[in-house]
>>> print(open('target_33.cif').read())   # mmCIF, C-alpha atoms and all ligand atoms
data_work
#
loop_
_atom_site.label_atom_id
_atom_site.label_comp_id
_atom_site.auth_asym_id
_atom_site.auth_seq_id
_atom_site.Cartn_x
_atom_site.Cartn_y
_atom_site.Cartn_z
CA ARG A 1 128.60 122.52 86.21
CA LYS A 2 124.94 121.96 85.60
CA ARG A 3 123.27 119.59 88.05
CA ILE A 4 120.47 117.35 86.79
CA GLY A 5 118.13 115.21 88.92
CA VAL A 6 116.51 112.06 87.53
CA LEU A 7 113.63 110.09 89.03
CA THR A 8 111.16 107.34 88.13
CA SER A 9 107.56 107.73 89.26
CA GLY A 10 104.18 105.94 89.03
CA GLY A 11 103.96 102.32 87.88
CA ASP A 12 107.27 100.66 87.00
CA ALA A 13 107.99 99.67 83.43
CA PRO A 14 110.79 97.57 81.90
CA GLY A 15 113.34 99.94 80.36
CA MET A 16 113.20 102.56 83.12
CA ASN A 17 116.69 101.52 84.25
CA ALA A 18 118.00 101.82 80.72
CA ALA A 19 116.57 105.36 80.66
CA VAL A 20 118.26 106.26 83.97
CA ARG A 21 121.56 104.83 82.71
CA SER A 22 121.33 106.87 79.55
CA VAL A 23 120.55 110.09 81.47
CA VAL A 24 123.45 109.52 83.88
CA ARG A 25 126.01 108.75 81.19
CA SER A 26 124.79 111.34 78.65
CA GLY A 27 124.79 113.92 81.45
CA ILE A 28 128.36 113.07 82.45
CA ASN A 29 129.39 113.24 78.78
CA GLN A 30 127.94 116.76 78.67
CA ASN A 31 129.92 117.83 81.75
CA CYS A 32 126.95 117.71 84.09
CA ASP A 33 126.55 116.15 87.53
CA VAL A 34 123.60 113.78 87.62
CA TYR A 35 121.71 113.02 90.84
CA ALA A 36 119.41 110.02 91.18
CA ILE A 37 116.34 110.63 93.31
CA ASN A 38 115.07 107.46 94.98
CA GLU A 39 111.36 106.56 95.28
CA GLY A 40 110.03 109.16 92.84
CA TYR A 41 108.66 112.39 94.27
CA SER A 42 108.75 110.94 97.82
CA GLY A 43 112.55 110.97 97.66
CA LEU A 44 112.56 114.51 96.36
CA ILE A 45 110.50 115.61 99.38
CA LYS A 46 112.43 113.52 101.92
CA GLY A 47 115.85 114.65 100.65
CA GLY A 48 118.89 113.39 102.60
CA ASP A 49 120.33 110.16 101.21
CA MET A 50 117.40 109.82 98.85
CA ILE A 51 119.13 112.27 96.50
CA HIS A 52 122.62 111.13 95.54
CA LYS A 53 125.19 111.83 92.86
CA MET A 54 125.66 109.07 90.31
CA SER A 55 128.96 108.09 88.77
CA TRP A 56 129.50 106.41 85.42
CA ASP A 57 129.99 103.05 87.16
CA ASP A 58 126.88 103.34 89.34
CA VAL A 59 124.67 102.46 86.38
CA ARG A 60 126.73 99.53 85.18
CA GLY A 61 124.36 96.66 84.35
CA TYR A 62 121.24 98.86 84.40
CA LEU A 63 120.51 98.41 80.69
CA SER A 64 118.99 94.95 80.87
CA ILE A 65 117.41 94.88 84.34
CA GLY A 66 113.62 95.11 84.67
CA GLY A 67 111.69 97.39 87.05
CA THR A 68 113.43 100.49 88.39
CA LEU A 69 116.50 100.17 90.61
CA ILE A 70 116.23 103.74 91.95
CA GLY A 71 112.70 102.91 93.12
CA THR A 72 109.33 104.43 92.29
CA ALA A 73 106.35 105.52 94.35
CA ARG A 74 103.02 107.24 94.32
CA CYS A 75 103.37 110.29 96.53
CA MET A 76 100.33 112.20 97.82
CA GLU A 77 102.41 115.04 99.34
CA PHE A 78 103.73 116.08 95.93
CA ARG A 79 100.15 116.79 94.84
CA GLU A 80 100.12 119.57 97.48
CA ARG A 81 102.02 122.84 97.21
CA ALA A 82 103.63 122.30 100.63
CA GLY A 83 105.21 119.07 99.37
CA ARG A 84 106.48 120.78 96.24
CA LEU A 85 107.94 123.62 98.35
CA GLN A 86 110.01 121.12 100.32
CA ALA A 87 111.05 119.38 97.08
CA CYS A 88 112.19 122.75 95.71
CA TYR A 89 114.22 123.41 98.86
CA ASN A 90 115.92 119.99 98.67
CA MET A 91 116.89 120.62 95.06
CA ILE A 92 118.27 124.10 95.65
CA GLU A 93 120.23 122.90 98.67
CA ARG A 94 122.10 120.60 96.29
CA GLY A 95 122.27 123.09 93.45
CA ILE A 96 119.98 121.05 91.21
CA ASP A 97 117.74 123.01 88.84
CA ALA A 98 117.00 120.52 86.09
CA LEU A 99 114.77 117.49 86.51
CA ILE A 100 114.18 114.52 84.22
CA VAL A 101 111.09 112.50 85.10
CA ILE A 102 110.38 109.00 83.80
CA GLY A 103 106.76 108.04 84.45
CA GLY A 104 103.17 108.14 83.24
CA ASP A 105 100.98 111.14 82.45
CA GLY A 106 100.33 111.82 86.16
CA SER A 107 104.03 112.03 87.00
CA LEU A 108 104.71 114.24 84.00
CA THR A 109 101.82 116.57 84.86
CA GLY A 110 103.27 116.84 88.37
CA ALA A 111 106.64 117.86 86.91
CA ASP A 112 104.99 120.51 84.76
CA THR A 113 103.08 121.96 87.72
CA PHE A 114 106.31 122.03 89.72
CA ARG A 115 108.06 123.94 86.95
CA ASP A 116 105.18 126.48 86.65
CA GLU A 117 105.20 127.10 90.38
CA TRP A 118 108.98 127.25 90.73
CA PRO A 119 109.36 131.08 90.70
CA GLY A 120 106.77 131.38 93.49
CA LEU A 121 108.35 128.56 95.46
CA ILE A 122 111.87 130.03 95.40
CA LYS A 123 110.50 133.45 96.35
CA GLU A 124 108.78 131.92 99.37
CA LEU A 125 112.00 130.10 100.35
CA LEU A 126 113.87 133.41 100.12
CA ASP A 127 111.23 135.33 102.09
CA THR A 128 111.25 132.72 104.84
CA LYS A 129 115.08 132.79 104.80
CA ARG A 130 115.43 129.12 104.00
CA ILE A 131 117.66 130.06 101.06
CA ASP A 132 119.87 133.11 100.59
CA GLU A 133 119.91 135.74 97.85
CA LYS A 134 122.75 133.98 96.00
CA GLN A 135 120.89 130.67 95.85
CA TYR A 136 117.74 132.49 94.81
CA LYS A 137 119.50 134.22 91.91
CA ALA A 138 121.25 131.05 90.79
CA HIS A 139 118.05 128.96 90.55
CA GLN A 140 115.55 131.25 88.88
CA HIS A 141 114.21 128.66 86.50
CA LEU A 142 113.51 124.92 86.67
CA ASN A 143 114.25 122.98 83.48
CA ILE A 144 112.34 119.74 83.09
CA SER A 145 111.93 117.04 80.51
CA GLY A 146 110.08 113.77 80.64
CA MET A 147 110.10 110.28 79.23
CA VAL A 148 107.02 108.11 79.20
CA GLY A 149 107.61 104.87 81.08
CA SER A 150 104.39 102.90 80.80
CA ILE A 151 103.58 99.33 79.81
CA ASP A 152 100.16 100.43 78.52
CA ASN A 153 101.41 102.50 75.55
CA ASP A 154 98.86 105.05 76.69
CA MET A 155 100.36 108.42 75.78
CA ALA A 156 99.17 110.48 72.82
CA MET A 157 101.59 112.13 70.35
CA THR A 158 104.23 109.42 70.70
CA ASP A 159 104.08 106.04 68.97
CA HIS A 160 105.56 103.96 71.78
CA THR A 161 106.16 104.25 75.51
CA ILE A 162 109.09 102.66 77.34
CA GLY A 163 108.08 99.19 78.53
CA ALA A 164 105.10 98.49 76.27
CA TYR A 165 106.86 96.04 73.93
CA SER A 166 108.50 94.19 76.85
CA SER A 167 105.11 93.72 78.43
CA LEU A 168 103.53 92.65 75.14
CA SER A 169 106.29 90.15 74.61
CA ARG A 170 105.78 88.70 78.11
CA ILE A 171 102.03 88.42 77.50
CA CYS A 172 102.57 86.59 74.22
CA THR A 173 105.00 84.15 75.83
CA ASN A 174 102.52 83.42 78.61
CA ILE A 175 99.63 83.00 76.19
CA SER A 176 101.65 80.56 74.11
CA TRP A 177 102.21 78.43 77.23
CA VAL A 178 98.51 78.52 78.03
CA SER A 179 97.65 77.74 74.40
CA ALA A 180 99.66 74.52 74.46
CA THR A 181 97.57 73.13 77.29
CA ALA A 182 94.36 74.54 75.80
CA GLU A 183 95.11 72.76 72.53
CA SER A 184 95.87 69.48 74.33
CA HIS A 185 92.55 69.41 76.19
CA SER A 186 90.52 71.27 73.59
CA ARG A 187 89.81 73.95 76.19
CA ALA A 188 88.92 77.60 76.12
CA PHE A 189 91.06 80.16 77.95
CA VAL A 190 90.04 83.63 78.97
CA VAL A 191 93.18 85.67 79.56
CA GLU A 192 93.00 88.97 81.41
CA VAL A 193 95.76 91.45 80.60
CA MET A 194 96.62 94.85 82.08
CA GLY A 195 95.06 98.03 80.69
CA ARG A 196 92.47 99.90 82.77
CA HIS A 197 91.96 102.71 80.30
CA CYS A 198 93.99 101.68 77.31
CA GLY A 199 93.53 98.40 75.45
CA TRP A 200 96.74 98.53 73.40
CA LEU A 201 98.25 95.49 75.15
CA ALA A 202 95.04 93.48 74.80
CA LEU A 203 94.57 94.35 71.13
CA MET A 204 98.18 93.73 70.13
CA ALA A 205 98.26 90.46 72.09
CA SER A 206 95.06 89.36 70.38
CA ILE A 207 96.66 89.95 66.96
CA ALA A 208 99.99 88.40 67.90
CA CYS A 209 98.41 85.35 69.56
CA ARG A 210 95.48 84.86 67.12
CA ALA A 211 92.79 85.29 69.76
CA ASP A 212 89.22 84.40 68.83
CA TYR A 213 87.85 87.49 70.55
CA VAL A 214 89.06 90.58 72.40
CA PHE A 215 87.43 93.07 74.78
CA LEU A 216 88.88 96.58 75.15
CA PRO A 217 87.98 99.69 77.18
CA GLU A 218 87.90 101.86 74.05
CA MET A 219 85.55 99.83 71.89
CA PRO A 220 82.70 98.67 74.11
CA PRO A 221 80.41 96.07 72.47
CA THR A 222 76.65 96.52 72.74
CA ALA A 223 75.34 95.49 76.16
CA ASN A 224 73.02 92.44 76.03
CA GLU A 225 74.35 91.56 72.58
CA TRP A 226 78.03 90.81 73.12
CA VAL A 227 77.46 87.42 74.73
CA GLY A 228 75.47 86.06 71.77
CA LYS A 229 77.84 87.61 69.22
CA MET A 230 80.91 86.18 70.87
CA GLN A 231 79.31 82.76 71.23
CA SER A 232 78.40 82.58 67.55
CA VAL A 233 81.90 83.64 66.41
CA ILE A 234 83.53 81.08 68.67
CA GLU A 235 81.16 78.29 67.65
CA ARG A 236 81.97 79.08 64.03
CA HIS A 237 85.69 78.89 64.75
CA ARG A 238 85.26 75.55 66.47
CA LYS A 239 83.23 74.18 63.52
CA GLY A 240 86.00 75.47 61.26
CA GLY A 241 88.47 73.18 63.02
CA ARG A 242 90.01 75.07 65.95
CA ARG A 243 90.71 72.82 68.91
CA SER A 244 91.22 75.62 71.39
CA THR A 245 89.69 79.01 72.10
CA LEU A 246 91.37 82.18 73.30
CA VAL A 247 89.59 85.31 74.48
CA VAL A 248 91.69 88.28 75.63
CA VAL A 249 90.08 90.69 78.08
CA ALA A 250 91.64 94.01 79.07
CA GLU A 251 91.32 94.84 82.79
CA GLY A 252 89.20 97.86 81.92
CA ALA A 253 86.93 96.19 79.34
CA ILE A 254 83.38 97.57 79.41
CA ASP A 255 80.15 97.28 77.40
CA SER A 256 78.17 100.10 75.79
CA GLU A 257 76.35 100.71 79.11
CA LEU A 258 79.75 101.08 80.85
CA ASN A 259 79.33 97.81 82.76
CA ARG A 260 82.59 95.99 83.31
CA ILE A 261 83.10 92.86 81.22
CA SER A 262 84.92 90.56 83.61
CA PRO A 263 86.82 87.40 82.64
CA GLU A 264 84.29 85.42 84.74
CA MET A 265 81.39 86.77 82.67
CA VAL A 266 83.19 85.75 79.50
CA LYS A 267 83.90 82.33 80.99
CA ASP A 268 80.21 81.80 81.86
CA ALA A 269 79.26 82.64 78.27
CA LEU A 270 81.76 80.08 76.95
CA VAL A 271 80.62 77.40 79.40
CA GLU A 272 77.08 78.00 78.11
CA ILE A 273 78.15 76.81 74.66
CA GLY A 274 79.73 73.70 76.15
CA LEU A 275 83.40 74.71 76.36
CA ASP A 276 85.61 73.58 79.21
CA THR A 277 86.85 77.06 80.13
CA ARG A 278 89.60 78.40 82.42
CA VAL A 279 90.45 81.95 83.38
CA THR A 280 94.08 83.09 83.59
CA THR A 281 94.86 86.50 85.03
CA LEU A 282 98.42 87.33 84.08
CA GLY A 283 98.84 90.06 86.72
CA HIS A 284 102.25 91.44 87.56
CA VAL A 285 104.28 89.01 85.45
CA GLN A 286 103.38 91.45 82.68
CA ARG A 287 105.54 94.13 84.28
CA GLY A 288 108.52 92.05 85.28
CA GLY A 289 111.71 90.90 83.70
CA SER A 290 114.35 92.20 81.38
CA PRO A 291 113.31 94.80 78.80
CA VAL A 292 113.23 93.64 75.16
CA ALA A 293 115.82 95.13 72.79
CA PHE A 294 113.37 97.75 71.49
CA ASP A 295 112.74 99.18 74.97
CA ARG A 296 116.47 99.26 75.75
CA LEU A 297 117.07 101.21 72.55
CA LEU A 298 114.10 103.52 72.98
CA ALA A 299 115.08 104.34 76.57
CA THR A 300 118.72 104.90 75.63
CA LEU A 301 117.98 107.20 72.71
CA GLN A 302 115.33 109.10 74.65
CA GLY A 303 117.55 109.47 77.73
CA ALA A 304 120.23 111.20 75.66
CA GLU A 305 117.62 113.49 74.11
CA ALA A 306 116.10 114.27 77.53
CA VAL A 307 119.50 115.55 78.69
CA ARG A 308 119.89 117.70 75.55
CA CYS A 309 116.35 118.96 76.12
CA VAL A 310 116.93 120.16 79.71
CA LEU A 311 120.21 121.79 78.70
CA GLU A 312 118.58 123.69 75.84
CA SER A 313 115.27 124.68 77.42
CA THR A 314 114.66 128.27 78.48
CA PRO A 315 111.93 129.91 80.60
CA GLU A 316 110.12 130.59 77.32
CA THR A 317 110.08 127.03 75.92
CA PRO A 318 107.13 124.89 76.99
CA SER A 319 107.79 121.76 79.07
CA GLU A 320 108.60 118.89 76.75
CA ILE A 321 108.54 115.12 76.81
CA ILE A 322 110.62 112.92 74.57
CA GLY A 323 108.61 110.79 72.17
CA ILE A 324 109.12 108.69 69.07
CA ARG A 325 107.25 109.19 65.81
CA LEU A 326 107.91 107.29 62.58
CA ASN A 327 111.11 105.91 64.11
CA LYS A 328 112.51 109.34 64.95
CA ILE A 329 113.12 110.58 68.49
CA ILE A 330 111.18 113.81 68.88
CA ARG A 331 110.23 116.42 71.50
CA VAL A 332 106.54 116.87 72.21
CA PRO A 333 104.90 119.67 74.25
CA LEU A 334 104.02 118.00 77.56
CA GLN A 335 100.70 119.73 78.20
CA GLU A 336 99.38 119.07 74.70
CA SER A 337 100.32 115.42 74.91
CA VAL A 338 98.67 114.95 78.33
CA ALA A 339 95.51 116.75 77.15
CA ALA A 340 95.32 114.65 73.98
CA THR A 341 95.81 111.48 76.03
CA LYS A 342 92.83 112.38 78.21
CA ARG A 343 90.69 113.36 75.20
CA VAL A 344 91.12 110.37 72.93
CA ALA A 345 92.39 106.86 73.10
CA GLU A 346 94.86 107.54 70.33
CA ALA A 347 96.88 104.39 70.76
CA ILE A 348 94.03 102.18 69.59
CA SER A 349 93.36 102.38 65.91
CA LYS A 350 90.12 101.13 64.47
CA LYS A 351 92.15 99.72 61.60
CA ASP A 352 94.12 97.46 63.97
CA PHE A 353 90.89 96.32 65.60
CA GLN A 354 89.44 95.39 62.21
CA LEU A 355 92.67 93.68 61.20
CA ALA A 356 92.49 91.55 64.35
CA ARG A 357 88.98 90.51 63.44
CA SER A 358 89.53 89.98 59.74
CA LEU A 359 92.48 87.64 60.25
CA ARG A 360 90.81 85.40 62.79
CA ASP A 361 87.44 85.15 61.11
CA SER A 362 87.08 84.28 57.44
CA ASP A 363 83.41 85.39 57.53
CA PHE A 364 84.35 88.83 58.75
CA ASN A 365 82.89 91.41 56.39
CA GLU A 366 82.08 94.55 58.38
P1 LIG B 1 100.91 105.18 85.72
O1 LIG B 1 100.73 105.28 84.23
O2 LIG B 1 101.72 104.03 86.14
O3 LIG B 1 99.66 105.35 86.50
P2 LIG B 1 101.44 107.89 86.46
O4 LIG B 1 102.68 108.72 86.46
O5 LIG B 1 100.31 108.39 85.60
O6 LIG B 1 101.88 106.43 86.08
P3 LIG B 1 100.15 108.62 88.95
O7 LIG B 1 99.82 107.78 90.13
O8 LIG B 1 99.07 109.35 88.26
O9 LIG B 1 100.95 107.66 87.95
O10 LIG B 1 101.26 109.71 89.38
C1 LIG B 1 102.44 109.33 90.05
C2 LIG B 1 102.81 110.42 91.03
O11 LIG B 1 103.01 111.65 90.33
C3 LIG B 1 101.73 110.75 92.06
O12 LIG B 1 101.77 109.87 93.15
C4 LIG B 1 102.11 112.16 92.46
O13 LIG B 1 103.19 112.17 93.33
C5 LIG B 1 102.56 112.74 91.13
N1 LIG B 1 101.43 113.42 90.47
C6 LIG B 1 100.49 112.88 89.68
N2 LIG B 1 99.60 113.80 89.24
C7 LIG B 1 99.99 114.97 89.80
C8 LIG B 1 99.50 116.32 89.77
N3 LIG B 1 98.42 116.64 89.06
N4 LIG B 1 100.17 117.26 90.48
C9 LIG B 1 101.27 116.95 91.19
N5 LIG B 1 101.78 115.70 91.26
C10 LIG B 1 101.15 114.73 90.59
#
>>> encode(input="target_33.cif", output="structure tokens")
Amino acid sequence: RKRIGVLTSGGDAPGMNAAVRSVVRSGINQNCDVYAINEGYSGLIKGGDMIHKMSWDDVRGYLSIGGTLIGTARCMEFRERAGRLQACYNMIERGIDALIVIGGDGSLTGADTFRDEWPGLIKELLDTKRIDEKQYKAHQHLNISGMVGSIDNDMAMTDHTIGAYSSLSRICTNISWVSATAESHSRAFVVEVMGRHCGWLALMASIACRADYVFLPEMPPTANEWVGKMQSVIERHRKGGRRSTLVVVAEGAIDSELNRISPEMVKDALVEIGLDTRVTTLGHVQRGGSPVAFDRLLATLQGAEAVRCVLESTPETPSEIIGIRLNKIIRVPLQESVAATKRVAEAISKKDFQLARSLRDSDFNE
């Protein structure tokens, strides 16, 4: 029987549990033993009870629970070869030679490095007599596949990441609560949302919640000009009859000189034009709670494909992650996807940005 390990790593995202459930049950359906690895790569290095076999019933209820029940972590030791050597030993000791990783681009890159190094690692374990010839021969190759669990929707070559729509939905709910009080007092609210490098959440929230203005990491406004521009747009909206003002700021928003645009700076600019302004930083509520139906489905479909992927992969096939494109679950070469993610902010489309502006501003004509 094939033995598959599954772990969650990096920042948690709603839907990770649904992905683990799908891997466990799809694996069992394919006559495999599935081992959950607690606390991401830390658990893989620690071994012991951190790596345990999962039964069908162990994942009962996982589908709709937020966060990750098997735990996640950031693990410095796994960045070093010595850490990966110990991880390799712990896997071979249990007869595991397939690994499914649910995490962001860092976690997936780590898995790919681990797979590349595997032949050297097992040779070293044999030479130092930590494993015997039989174990060495039985675990020549490490099969991996990955799923992207990330609220930021920040991976290239896939349309959606697990958790992004749950987070967006939570942001919209929170903004609608804030908007009710803003409307009552005729106030302005500056809402900071997550997204250090990727403004997908901020942009989509600004469309879905009819924000007056949005600041993103990918589309920096001209330094020294953005304050005046924003003020004139918002004054125009107020003259046009809006009783409240909403500005969405991504955590990583910057101007053309790469200076951070903080919610406080935006607030000061709104106070300058006479608006009673409050800042709301949504923080970790954006990560919490039950995944929306889309994330449950995405994670379930991708989990089943991830199992098929590790069972079919050979030493010759490149490491793959499971994506979704045009509503179809697909396999994407891991290295290409990570490289494209670093190169371009593919998730943000200029068209969406212009749509956001054209719908909130009748004078918009750029
Ligand atoms: P998030 O999108 O939430 O930041 P991430 O997976 O990109 O998720 P990272 O902190 O970059 O988060 O990575 C998580 C863990 O994956 C690290 O703590 C480390 O254990 C492992 N990892 C990341 N990059 C590498 C790498 N280049 N080599 C080996 N391991 C890595």
>>> residues_near_ligand(input="target_33.cif", ligand="ligand LIG 1 (chain B)", cutoff="7 Å", atoms="only C-alpha atoms and all ligand atoms", output="count of residues only")
24
>>> atom_distance(input="target_33.cif", atom1="CA of Ile65 (chain A)", atom2="CA of Tyr165 (chain A)")
14.9 Å
>>> residues_around(input="target_33.cif", residues="region 243-256 of chain A", least_positions_apart="6", cutoff="8 Å", atoms="only C-alpha atoms", output="MDAnalysis selection string")
chainID A and resid 179 182:183 185:199 201:202 205:206 210:218 220:223 234 262:263
>>> atom_distance(input="target_33.cif", atom1="CA of Gly15 (chain A)", atom2="CA of Asn143 (chain A)")
23.3 Å
>>> axis_aligned_box(input="target_33.cif", around="region 168-185 of chain A", padding_each_side="8 Å", output="AutoDock Vina command-line options")
--center_x 99.4 --center_y 81.0 --center_z 75.6 --size_x 29.7 --size_y 39.2 --size_z 22.1
>>> closest_residue(input="target_33.cif", among="A:Thr8, A:Asn327, A:Ser290, A:Gln140", to="Ser167 (chain A)", atoms="only C-alpha atoms")
A:Ser290
>>> closest_residue(input="target_33.cif", among="A:Met204, A:Leu275, A:Met54, A:Leu334", to="Arg21 (chain A)", atoms="all atoms listed in the file")
A:Met54
>>> atom_distance(input="target_33.cif", atom1="CA of Pro119 (chain A)", atom2="CA of Thr341 (chain A)")
28.0 Å
>>> closest_residue(input="target_33.cif", among="A:Ile261, A:Ile45, A:Ile171, A:Ile100", to="Met219 (chain A)", atoms="all atoms listed in the file")
A:Ile261
>>> residues_near_point(input="target_33.cif", point="(108.1, 95.4, 80.3)", cutoff="9 Å", atoms="only C-alpha atoms", output="compact mmCIF listing (two decimals) with C-alpha atoms, keeping the file's coordinate frame")
# COMPACT_ATOMS: atom_id res chain seq x y z
CA ASP A 12 107.27 100.66 87.00
CA ALA A 13 107.99 99.67 83.43
CA PRO A 14 110.79 97.57 81.90
CA GLY A 15 113.34 99.94 80.36
CA GLY A 66 113.62 95.11 84.67
CA GLY A 67 111.69 97.39 87.05
CA SER A 150 104.39 102.90 80.80
CA ILE A 151 103.58 99.33 79.81
CA ILE A 162 109.09 102.66 77.34
CA GLY A 163 108.08 99.19 78.53
CA ALA A 164 105.10 98.49 76.27
CA TYR A 165 106.86 96.04 73.93
CA SER A 166 108.50 94.19 76.85
CA SER A 167 105.11 93.72 78.43
CA LEU A 168 103.53 92.65 75.14
CA SER A 169 106.29 90.15 74.61
CA ARG A 170 105.78 88.70 78.11
CA GLN A 286 103.38 91.45 82.68
CA ARG A 287 105.54 94.13 84.28
CA GLY A 288 108.52 92.05 85.28
CA GLY A 289 111.71 90.90 83.70
CA SER A 290 114.35 92.20 81.38
CA PRO A 291 113.31 94.80 78.80
CA VAL A 292 113.23 93.64 75.16
CA ASP A 295 112.74 99.18 74.97
>>> residues_around(input="target_33.cif", residues="Val332 (chain A)", least_positions_apart="5", cutoff="8 Å", atoms="all atoms listed in the file", output="PDB file with C-alpha atoms, keeping the file's coordinate frame")
ATOM      1  CA  MET A 157     101.590 112.130  70.350  1.00  0.00           C
ATOM      2  CA  THR A 158     104.230 109.420  70.700  1.00  0.00           C
ATOM      3  CA  GLU A 320     108.600 118.890  76.750  1.00  0.00           C
ATOM      4  CA  ILE A 321     108.540 115.120  76.810  1.00  0.00           C
ATOM      5  CA  ILE A 322     110.620 112.920  74.570  1.00  0.00           C
ATOM      6  CA  GLY A 323     108.610 110.790  72.170  1.00  0.00           C
ATOM      7  CA  SER A 337     100.320 115.420  74.910  1.00  0.00           C
TER       8      SER A 337
END
